[in-house]
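Visitor: Compact mmCIF, C-alpha atoms and all ligand atoms, saved as my_file37.txt, coming up:
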# COMPACT_ATOMS: atom_id res chain seq x y z
CA MET A 4 -55.48 78.35 -11.71
CA SER A 5 -52.49 76.59 -13.28
CA ALA A 6 -51.76 72.89 -12.81
CA GLY A 7 -49.58 74.14 -9.95
CA MET A 8 -46.65 71.88 -9.27
CA GLU A 9 -45.75 71.92 -5.59
CA VAL A 10 -42.24 72.32 -4.22
CA ALA A 11 -41.31 70.49 -1.02
CA ASP A 12 -38.20 71.40 0.91
CA SER A 13 -38.92 69.52 4.13
CA LEU A 14 -39.41 65.84 4.75
CA GLY A 15 -42.71 66.61 6.52
CA MET A 16 -44.11 68.31 3.43
CA LEU A 17 -42.94 65.55 1.09
CA ARG A 18 -44.35 62.80 3.32
CA ALA A 19 -47.73 64.53 3.73
CA ARG A 20 -48.15 64.86 -0.03
CA VAL A 21 -46.95 61.35 -0.90
CA ASP A 22 -49.00 59.79 1.96
CA ALA A 23 -52.14 61.51 0.66
CA TRP A 24 -51.51 60.18 -2.85
CA LYS A 25 -50.87 56.70 -1.54
CA ARG A 26 -54.12 56.76 0.47
CA GLU A 27 -55.89 57.54 -2.81
CA GLY A 28 -54.24 54.48 -4.34
CA LEU A 29 -52.20 56.54 -6.80
CA ARG A 30 -48.99 55.17 -8.30
CA ILE A 31 -45.97 57.35 -7.59
CA GLY A 32 -43.24 57.88 -10.19
CA PHE A 33 -39.86 59.32 -9.26
CA VAL A 34 -37.06 61.04 -11.20
CA PRO A 35 -33.88 61.83 -9.24
CA THR A 36 -31.73 64.65 -10.65
CA MET A 37 -28.97 67.04 -9.70
CA GLY A 38 -30.80 69.97 -11.29
CA ASN A 39 -29.71 72.26 -14.11
CA LEU A 40 -32.36 70.43 -16.02
CA HIS A 41 -32.50 69.95 -19.78
CA GLU A 42 -34.50 67.95 -22.30
CA GLY A 43 -32.82 64.71 -21.14
CA HIS A 44 -34.26 65.15 -17.66
CA TYR A 45 -37.68 66.24 -18.95
CA SER A 46 -37.91 63.10 -21.09
CA LEU A 47 -37.51 61.11 -17.84
CA VAL A 48 -40.38 63.08 -16.27
CA ARG A 49 -42.56 62.31 -19.28
CA LEU A 50 -41.69 58.60 -19.12
CA ALA A 51 -42.51 58.64 -15.39
CA ARG A 52 -45.87 60.24 -16.16
CA GLU A 53 -46.65 57.50 -18.66
CA ASN A 54 -45.99 54.92 -15.96
CA ALA A 55 -47.42 56.58 -12.85
CA ASP A 56 -50.30 58.79 -11.65
CA ARG A 57 -48.14 61.31 -9.83
CA VAL A 58 -44.52 62.27 -10.52
CA VAL A 59 -41.97 63.49 -8.00
CA ALA A 60 -38.62 64.84 -9.25
CA SER A 61 -35.81 65.56 -6.84
CA ILE A 62 -33.15 68.21 -7.26
CA PHE A 63 -30.12 67.65 -5.08
CA VAL A 64 -26.46 68.14 -5.92
CA ASN A 65 -25.09 65.25 -3.93
CA PRO A 66 -21.67 65.97 -2.41
CA THR A 67 -20.87 62.32 -1.62
CA GLN A 68 -20.71 61.32 -5.30
CA PHE A 69 -18.08 63.93 -6.22
CA GLY A 70 -14.41 63.10 -5.71
CA PRO A 71 -11.78 65.53 -4.44
CA GLY A 72 -10.97 68.02 -7.19
CA GLU A 73 -14.19 67.27 -9.10
CA ASP A 74 -16.79 69.93 -9.89
CA TYR A 75 -19.10 69.84 -6.80
CA GLU A 76 -18.66 73.55 -6.05
CA ARG A 77 -18.98 74.78 -9.61
CA TYR A 78 -21.72 72.31 -10.66
CA PRO A 79 -24.41 74.52 -12.28
CA ARG A 80 -27.34 75.30 -9.96
CA THR A 81 -30.45 76.81 -11.58
CA PRO A 82 -33.36 76.08 -9.22
CA GLU A 83 -35.85 78.66 -10.55
CA ALA A 84 -35.51 77.52 -14.16
CA ASP A 85 -35.62 73.87 -13.03
CA VAL A 86 -38.89 74.35 -11.12
CA ALA A 87 -40.47 76.08 -14.13
CA GLY A 88 -39.24 73.34 -16.47
CA LEU A 89 -40.43 70.50 -14.25
CA SER A 90 -43.85 72.08 -13.98
CA ALA A 91 -44.06 72.45 -17.77
CA ALA A 92 -42.99 68.82 -18.22
CA GLY A 93 -45.92 67.66 -16.08
CA CYS A 94 -44.15 66.95 -12.81
CA HIS A 95 -46.44 67.13 -9.75
CA LEU A 96 -43.95 67.69 -6.96
CA ALA A 97 -40.36 68.93 -6.87
CA TRP A 98 -38.41 67.58 -3.90
CA MET A 99 -35.56 69.94 -3.03
CA PRO A 100 -34.04 68.69 0.20
CA PRO A 101 -31.55 70.78 2.16
CA LEU A 102 -28.19 69.13 2.78
CA GLU A 103 -29.03 68.58 6.51
CA THR A 104 -32.20 66.73 5.57
CA MET A 105 -30.36 64.38 3.23
CA TYR A 106 -27.46 63.86 5.65
CA PRO A 107 -28.84 64.54 9.15
CA LEU A 108 -25.70 63.20 10.85
CA GLY A 109 -23.38 64.93 8.36
CA THR A 110 -21.72 63.30 5.37
CA ALA A 111 -18.80 61.92 7.40
CA ARG A 112 -21.16 59.90 9.66
CA ALA A 113 -23.62 58.99 6.91
CA VAL A 114 -24.61 55.37 6.47
CA ARG A 115 -23.09 54.33 3.14
CA VAL A 116 -24.50 51.97 0.56
CA GLN A 117 -21.84 50.10 -1.38
CA VAL A 118 -22.45 47.86 -4.38
CA PRO A 119 -19.53 45.50 -5.07
CA GLY A 120 -18.21 44.23 -8.40
CA ILE A 121 -19.77 46.34 -11.10
CA THR A 122 -18.69 49.56 -9.35
CA GLY A 123 -15.00 48.62 -9.68
CA VAL A 124 -14.79 49.09 -13.46
CA LEU A 125 -15.07 51.96 -15.97
CA ASP A 126 -16.43 55.07 -14.20
CA GLY A 127 -16.06 53.30 -10.86
CA ALA A 128 -12.36 52.81 -11.56
CA HIS A 129 -11.84 56.38 -12.81
CA ARG A 130 -13.96 58.03 -10.11
CA PRO A 131 -13.25 56.08 -6.89
CA GLY A 132 -16.18 56.25 -4.47
CA HIS A 133 -18.49 57.83 -7.04
CA PHE A 134 -21.03 54.99 -7.15
CA ASP A 135 -20.96 54.60 -3.36
CA GLY A 136 -22.09 58.23 -3.21
CA VAL A 137 -24.74 57.63 -5.86
CA CYS A 138 -26.15 54.56 -4.08
CA THR A 139 -25.96 56.32 -0.71
CA VAL A 140 -28.11 59.19 -1.94
CA VAL A 141 -30.47 57.16 -4.14
CA ALA A 142 -31.26 54.76 -1.26
CA ARG A 143 -32.12 57.78 0.91
CA LEU A 144 -34.25 59.30 -1.86
CA PHE A 145 -36.12 56.01 -2.31
CA ASN A 146 -36.88 55.92 1.44
CA GLN A 147 -37.99 59.55 1.43
CA VAL A 148 -40.21 59.42 -1.67
CA ARG A 149 -41.25 55.73 -1.56
CA PRO A 150 -41.94 55.56 -5.31
CA ASP A 151 -43.62 52.71 -7.16
CA VAL A 152 -41.52 53.39 -10.23
CA ALA A 153 -38.20 55.22 -10.57
CA VAL A 154 -36.78 56.47 -13.88
CA PHE A 155 -33.08 56.78 -14.70
CA GLY A 156 -31.40 57.77 -17.97
CA ARG A 157 -29.53 55.20 -20.05
CA LYS A 158 -26.97 57.98 -20.64
CA ASP A 159 -25.48 56.97 -17.29
CA TYR A 160 -25.43 53.33 -18.33
CA GLN A 161 -23.26 52.02 -15.50
CA GLN A 162 -25.23 54.01 -12.92
CA LEU A 163 -28.45 52.31 -14.04
CA ALA A 164 -26.77 48.89 -13.79
CA VAL A 165 -25.49 49.70 -10.29
CA ILE A 166 -28.91 50.96 -9.12
CA ARG A 167 -30.53 47.82 -10.57
CA HIS A 168 -28.16 45.72 -8.46
CA MET A 169 -28.93 47.77 -5.34
CA VAL A 170 -32.71 47.66 -5.83
CA ARG A 171 -32.63 43.92 -6.28
CA ASP A 172 -30.26 43.18 -3.42
CA LEU A 173 -31.92 45.52 -0.88
CA ALA A 174 -35.43 44.55 -2.08
CA PHE A 175 -36.61 48.10 -2.68
CA PRO A 176 -40.29 47.66 -3.57
CA LEU A 177 -40.20 49.56 -6.83
CA GLU A 178 -39.87 49.14 -10.57
CA LEU A 179 -36.91 50.68 -12.40
CA LEU A 180 -37.18 52.15 -15.87
CA GLY A 181 -34.34 53.25 -18.16
CA ALA A 182 -35.01 56.20 -20.49
CA ASP A 183 -33.34 56.59 -23.89
CA ILE A 184 -30.48 59.06 -24.34
CA VAL A 185 -31.56 62.50 -25.54
CA ARG A 186 -29.04 64.08 -27.92
CA GLU A 187 -28.39 67.40 -29.62
CA ASP A 188 -28.92 67.47 -33.39
CA ASP A 189 -25.20 66.82 -33.94
CA GLY A 190 -25.27 63.70 -31.74
CA LEU A 191 -23.80 65.13 -28.52
CA ALA A 192 -25.64 63.61 -25.55
CA ARG A 193 -27.41 66.32 -23.52
CA SER A 194 -25.62 66.94 -20.23
CA SER A 195 -25.46 69.67 -17.62
CA ARG A 196 -21.69 69.56 -18.07
CA ASN A 197 -21.88 70.50 -21.78
CA GLN A 198 -22.04 74.15 -20.76
CA TYR A 199 -18.49 73.91 -19.40
CA LEU A 200 -17.28 73.44 -23.00
CA SER A 201 -15.65 76.35 -24.80
CA ALA A 202 -16.98 77.12 -28.30
CA GLY A 203 -14.05 75.21 -29.81
CA GLU A 204 -14.54 72.20 -27.52
CA ARG A 205 -18.27 72.18 -28.28
CA VAL A 206 -17.45 71.68 -31.98
CA LEU A 207 -15.24 68.70 -31.12
CA ALA A 208 -17.59 67.08 -28.59
CA PRO A 209 -19.90 65.20 -31.05
CA GLU A 210 -16.85 63.12 -32.05
CA ILE A 211 -17.72 60.94 -29.05
CA HIS A 212 -21.03 59.94 -30.62
CA ARG A 213 -19.42 59.42 -34.04
CA THR A 214 -16.82 57.19 -32.40
CA LEU A 215 -19.54 55.13 -30.71
CA LEU A 216 -21.26 54.67 -34.08
CA ALA A 217 -17.94 53.57 -35.61
CA MET A 218 -17.43 51.10 -32.74
CA ARG A 219 -20.88 49.65 -33.35
CA ASP A 220 -20.31 49.36 -37.10
CA ALA A 221 -16.93 47.70 -36.55
CA ALA A 222 -18.36 45.22 -34.02
CA GLN A 223 -21.25 44.40 -36.33
CA ALA A 224 -18.77 43.88 -39.19
CA GLY A 225 -16.94 41.33 -37.06
CA GLN A 226 -13.90 43.34 -35.98
CA GLY A 227 -12.28 42.09 -32.76
CA ARG A 228 -12.92 43.96 -29.52
CA ARG A 229 -9.34 44.91 -28.72
CA GLU A 230 -8.70 46.29 -32.17
CA LEU A 231 -11.88 48.35 -32.33
CA GLU A 232 -11.30 49.71 -28.83
CA ALA A 233 -7.75 50.76 -29.77
CA GLU A 234 -9.05 52.46 -32.92
CA ALA A 235 -11.68 54.31 -30.89
CA VAL A 236 -9.09 55.57 -28.39
CA ALA A 237 -6.77 56.68 -31.21
CA ARG A 238 -9.62 58.46 -33.00
CA LEU A 239 -10.65 60.38 -29.89
CA GLN A 240 -7.06 61.27 -29.01
CA ALA A 241 -6.48 62.53 -32.56
CA ALA A 242 -9.54 64.77 -32.14
CA GLY A 243 -8.07 66.28 -28.96
CA PHE A 244 -9.65 64.21 -26.17
CA VAL A 245 -7.94 62.70 -23.14
CA VAL A 246 -9.60 59.28 -23.06
CA ASP A 247 -10.54 57.55 -19.78
CA TYR A 248 -11.98 54.57 -21.65
CA ALA A 249 -13.53 53.56 -24.97
CA VAL A 250 -14.72 49.98 -24.64
CA LEU A 251 -17.07 47.31 -25.90
CA ARG A 252 -18.94 45.39 -23.18
CA THR A 253 -21.89 43.08 -22.63
CA PRO A 254 -24.97 44.60 -20.93
CA LEU A 255 -23.55 43.54 -17.54
CA LEU A 256 -20.35 45.43 -18.39
CA VAL A 257 -18.08 42.42 -18.72
CA GLU A 258 -15.73 41.92 -21.65
CA PRO A 259 -17.51 40.10 -24.46
CA PRO A 260 -15.94 36.98 -26.02
CA GLU A 261 -13.46 37.71 -28.83
CA SER A 262 -15.07 35.11 -31.08
CA PRO A 263 -18.62 33.71 -31.20
CA VAL A 264 -19.65 31.40 -28.35
CA PRO A 265 -22.93 29.47 -28.04
CA GLY A 266 -25.60 31.23 -26.00
CA ASP A 267 -24.27 34.73 -26.69
CA ASP A 268 -27.33 36.87 -27.43
CA GLY A 269 -25.06 39.40 -29.14
CA GLN A 270 -26.19 42.30 -26.97
CA ARG A 271 -23.45 44.87 -26.65
CA VAL A 272 -22.83 48.36 -25.38
CA ALA A 273 -20.03 50.65 -26.47
CA LEU A 274 -19.05 53.12 -23.76
CA VAL A 275 -16.81 56.18 -23.81
CA ALA A 276 -15.58 58.55 -21.12
CA ALA A 277 -13.30 61.28 -22.39
CA ARG A 278 -12.17 64.72 -21.35
CA LEU A 279 -11.95 67.95 -23.31
CA GLY A 280 -10.00 70.42 -21.22
CA ARG A 281 -11.58 70.32 -17.73
CA THR A 282 -14.82 68.77 -18.93
CA ARG A 283 -15.41 65.04 -18.62
CA LEU A 284 -18.07 63.64 -20.95
CA ILE A 285 -19.61 60.16 -20.96
CA ASP A 286 -21.80 58.49 -23.56
CA ASN A 287 -22.73 55.03 -24.76
CA LEU A 288 -24.51 53.14 -27.52
CA GLU A 289 -26.43 49.89 -27.10
CA PHE A 290 -26.79 47.51 -30.04
CA THR A 291 -27.03 43.88 -31.07
CA LEU A 292 -24.50 41.99 -33.20
CA GLN A 293 -26.03 40.68 -36.38
CA GLY A 294 -26.17 36.94 -36.66
CA ALA A 295 -25.78 36.29 -32.92
CA ASP A 296 -27.68 33.45 -31.20
CA SER A 297 -31.10 34.66 -30.12
P1 LIG A 301 -28.10 64.17 -13.41
O1 LIG A 301 -28.89 65.38 -13.09
O2 LIG A 301 -26.97 64.39 -14.34
O3 LIG A 301 -27.72 63.39 -12.17
O4 LIG A 301 -29.08 63.20 -14.20
C1 LIG A 301 -30.31 62.83 -13.66
C2 LIG A 301 -30.91 61.74 -14.50
O5 LIG A 301 -31.11 62.23 -15.82
C3 LIG A 301 -30.02 60.51 -14.61
O6 LIG A 301 -30.84 59.35 -14.52
C4 LIG A 301 -29.42 60.68 -15.97
O7 LIG A 301 -29.07 59.43 -16.57
C5 LIG A 301 -30.54 61.33 -16.73
N1 LIG A 301 -30.02 62.02 -17.92
C6 LIG A 301 -29.10 63.02 -17.95
N2 LIG A 301 -28.83 63.38 -19.21
C7 LIG A 301 -29.60 62.59 -20.01
C8 LIG A 301 -29.77 62.47 -21.42
N3 LIG A 301 -29.08 63.22 -22.30
N4 LIG A 301 -30.64 61.55 -21.88
C9 LIG A 301 -31.32 60.75 -21.01
N5 LIG A 301 -31.21 60.82 -19.67
C10 LIG A 301 -30.36 61.72 -19.18
Could I get this structure in the form of C-alpha cells?
Guide:
Amino acid sequence: MSAGMEVADSLGMLRARVDAWKREGLRIGFVPTMGNLHEGHYSLVRLARENADRVVASIFVNPTQFGPGEDYERYPRTPEADVAGLSAAGCHLAWMPPLETMYPLGTARAVRVQVPGITGVLDGAHRPGHFDGVCTVVARLFNQVRPDVAVFGRKDYQQLAVIRHMVRDLAFPLELLGADIVREDDGLARSSRNQYLSAGERVLAPEIHRTLLAMRDAAQAGQGRRELEAEAVARLQAAGFVVDYAVLRTPLLVEPPESPVPGDDGQRVALVAARLGRTRLIDNLEFTLQGADS
C-alpha cells in the first residue's frame, strides 16, 4: 500500500480527519494554494512537513480575490496532476472544497475580512479588493482546517504581510511561516501564470529578477531610492514590460528613508509587478544594506 494521501471535498470529511489527528496530539501544518501546482508550492509542503506532523494543502481558485477582467475563468486548473504532486511531496490530505462549501451564502453575501493600511499600496492599489478576497478566503480556510502552522510563499511578499496582520489582529491560534522563493534556472520566479507567456515573452521574463538584483546592488552601493526606482522602471520598460511598480521598501512596505537615520536596521525589499502582454508577473528580493545600524 502506498502512503496514500487522502482527498477531502466535504467539510465533514476534512473535520473528521483533522479531529482524529488533533485527538492524537498531532501538529497540523497547512498550505493554501490555488492549484496548478509547481515546485514553489511543493517547497511549501516540504517546509510544512518539517514543522508539523500532518500536512493539509488546499486547492481552491478563489473568485473573490480576482478583479473584473482578471483571469479567474482562464486560471489553469489541473486537479489530477496537483493531487499526484501533493502526494509525492509528502502531503497527507488535499482539501478541495466546492465553491458552495467555501461560500455557503454565495459570494455576494459572504462575510468579508478587510485589513486596512498595508492593503492600500502596491498590489492592493493595482488590484482593488484583491487582498480583501485573499483574507476572506484564508480566514475561512483557517477555520475549516484549524492548523497549528500555516505556510505561505515569500514570492507573494505583500500577501504574507497582510496575512500576518490578520492573524495577529484576529488572534488566529497558529504560527505563520514564510517560504523562500523558488526560481527557474534563469531567475524567473516559478508561477502558475508563467505558462501564459509566449515563447518570446518567456525569454524576456527573467529581466524582472535581473532588475531586482540591480536594485539591490544600487541600494547597497548607496544610490538614492527614487533614482534607483526610476532606473528599474526604465530598464523594464526598455525590455518590453508595462510596469505597475518597481520600488524599494522596508519590510513593512513603507518608503525607506532617503539617507541614513539612527535605528534603521537596513532591512529592505525590492518589489516589482510588471506585465508582458496579458500576463502580470510579480517578484521581490529581500536584502540588508551594508553598514546599517544593527
Ligand atoms: P498560489 O497558488 O499562486 O495562490 O500560491 C500558493 C502559495 O504558494 C502562496 O503562498 C504563494 O506565495 C506560494 N508560491 C507560489 N509560487 C511560489 C514560488 N515560486 N516560490 C515560493 N512560494 C511560491
Visitor: Select, from A:Ala235, A:Ala222, A:Ala174, A:Ile285, the residue with the minimum atom-to-atom distance to ligand LIG 301 (chain A), counting only C-alpha atoms and all ligand atoms.
Guide: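 Ranked by minimum distance to ligand LIG 301 (chain A), first place goes to A:Ile285.
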Visitor: Taking only C-alpha atoms and all ligand atoms into account, produce a table as a tab-separated table in which each residue of chain A with an atom at most 10 Å from an atom of ligand LIG 301 (chain A) appears once, together with its shortest atom pair and the distance in Å to one decimal, ordered by chain and rising number.
Guide:
residue	atom	partner	partner_atom	distance
A:Val34	CA	A:LIG301	C2	7.0
A:Pro35	CA	A:LIG301	C1	5.8
A:Thr36	CA	A:LIG301	C1	3.8
A:Met37	CA	A:LIG301	O1	3.8
A:Gly38	CA	A:LIG301	O1	5.3
A:Asn39	CA	A:LIG301	O1	7.0
A:Leu40	CA	A:LIG301	O1	6.8
A:His41	CA	A:LIG301	N2	7.5
A:Glu42	CA	A:LIG301	N3	7.2
A:Gly43	CA	A:LIG301	C8	3.8
A:His44	CA	A:LIG301	O5	4.7
A:Tyr45	CA	A:LIG301	O5	8.3
A:Ser46	CA	A:LIG301	C9	7.0
A:Leu47	CA	A:LIG301	N5	6.6
A:Val48	CA	A:LIG301	O5	9.3
A:Ala60	CA	A:LIG301	C1	9.6
A:Ser61	CA	A:LIG301	C1	9.2
A:Ile62	CA	A:LIG301	O1	7.8
A:Phe63	CA	A:LIG301	O1	8.4
A:Val64	CA	A:LIG301	O3	8.0
A:Asn65	CA	A:LIG301	O3	8.8
A:Val137	CA	A:LIG301	O3	9.0
A:Ala153	CA	A:LIG301	O6	9.3
A:Val154	CA	A:LIG301	O6	6.6
A:Phe155	CA	A:LIG301	O6	3.4
A:Gly156	CA	A:LIG301	O7	3.2
A:Arg157	CA	A:LIG301	O7	5.5
A:Lys158	CA	A:LIG301	O7	4.8
A:Asp159	CA	A:LIG301	O7	4.4
A:Tyr160	CA	A:LIG301	O7	7.3
A:Gln161	CA	A:LIG301	O7	9.5
A:Gln162	CA	A:LIG301	O7	7.6
A:Leu163	CA	A:LIG301	O6	7.5
A:Leu180	CA	A:LIG301	O6	9.7
A:Gly181	CA	A:LIG301	O6	7.9
A:Ala182	CA	A:LIG301	C9	5.9
A:Asp183	CA	A:LIG301	C9	5.4
A:Ile184	CA	A:LIG301	N4	3.5
A:Val185	CA	A:LIG301	N4	3.9
A:Arg186	CA	A:LIG301	N3	5.7
A:Glu187	CA	A:LIG301	N3	8.5
A:Leu191	CA	A:LIG301	N3	8.4
A:Ala192	CA	A:LIG301	N3	4.7
A:Arg193	CA	A:LIG301	N3	3.7
A:Ser194	CA	A:LIG301	N2	4.9
A:Ser195	CA	A:LIG301	O2	6.4
A:Arg196	CA	A:LIG301	O2	8.3
A:Ile285	CA	A:LIG301	N2	9.9
A:Asp286	CA	A:LIG301	N3	8.8
Visitor: Using all atoms listed in the file, which of the listed residues (A:Arg229, A:Ile121, A:Asn146, A:His212) sits closest to A:Leu256?
Guide: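 Closest candidate: A:Ile121.
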Visitor: What does the distance from atom CA of A:Thr104 to atom CA of A:Ala11 come to in Å, to one decimal?
Guide: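 Separation of atom CA of A:Thr104 and atom CA of A:Ala11: 11.9 Å.
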Visitor: What does the distance from atom CA of A:Glu27 to atom CA of A:Asp85 come to in Å, to one decimal?
Guide: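 Value for the atom CA of A:Glu27-atom CA of A:Asp85 distance: 28.0 Å.
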Visitor: Which residue out of A:Leu292, A:Leu144, A:Ala241, A:Leu200 has the minimum interatomic distance to A:Pro259 when only C-alpha atoms are used?
Guide: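 For A:Pro259, the nearest of the candidates is A:Leu292.
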Visitor: Fewer than 5 positions away in the same chain doesn't count, so skip those; otherwise give me all residues within 12 Å of A:Arg281, counting all atoms listed in the file, as an MDAnalysis selection string.
Guide: chainID A and resid 72:74 77 196:201 204 244:245
Visitor: Atoms to include: C-alpha atoms. Write the selected residues as a compact mmCIF listing (two decimals), in the coordinates of the input.
Guide:
# COMPACT_ATOMS: atom_id res chain seq x y z
CA GLY A 72 -10.97 68.02 -7.19
CA GLU A 73 -14.19 67.27 -9.10
CA ASP A 74 -16.79 69.93 -9.89
CA ARG A 77 -18.98 74.78 -9.61
CA ARG A 196 -21.69 69.56 -18.07
CA ASN A 197 -21.88 70.50 -21.78
CA GLN A 198 -22.04 74.15 -20.76
CA TYR A 199 -18.49 73.91 -19.40
CA LEU A 200 -17.28 73.44 -23.00
CA SER A 201 -15.65 76.35 -24.80
CA GLU A 204 -14.54 72.20 -27.52
CA PHE A 244 -9.65 64.21 -26.17
CA VAL A 245 -7.94 62.70 -23.14
Visitor: Measuring between all atoms listed in the file, which one of A:Val59, A:Met8, A:Leu255, A:Leu14 shows the shortest distance to A:Val165?
Guide: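 The closest residue to A:Val165 is A:Leu255.
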Visitor: Hey, can you check how far atom CA of A:Arg49 sits from atom CA of A:Ala84?
Guide: 17.5 Å
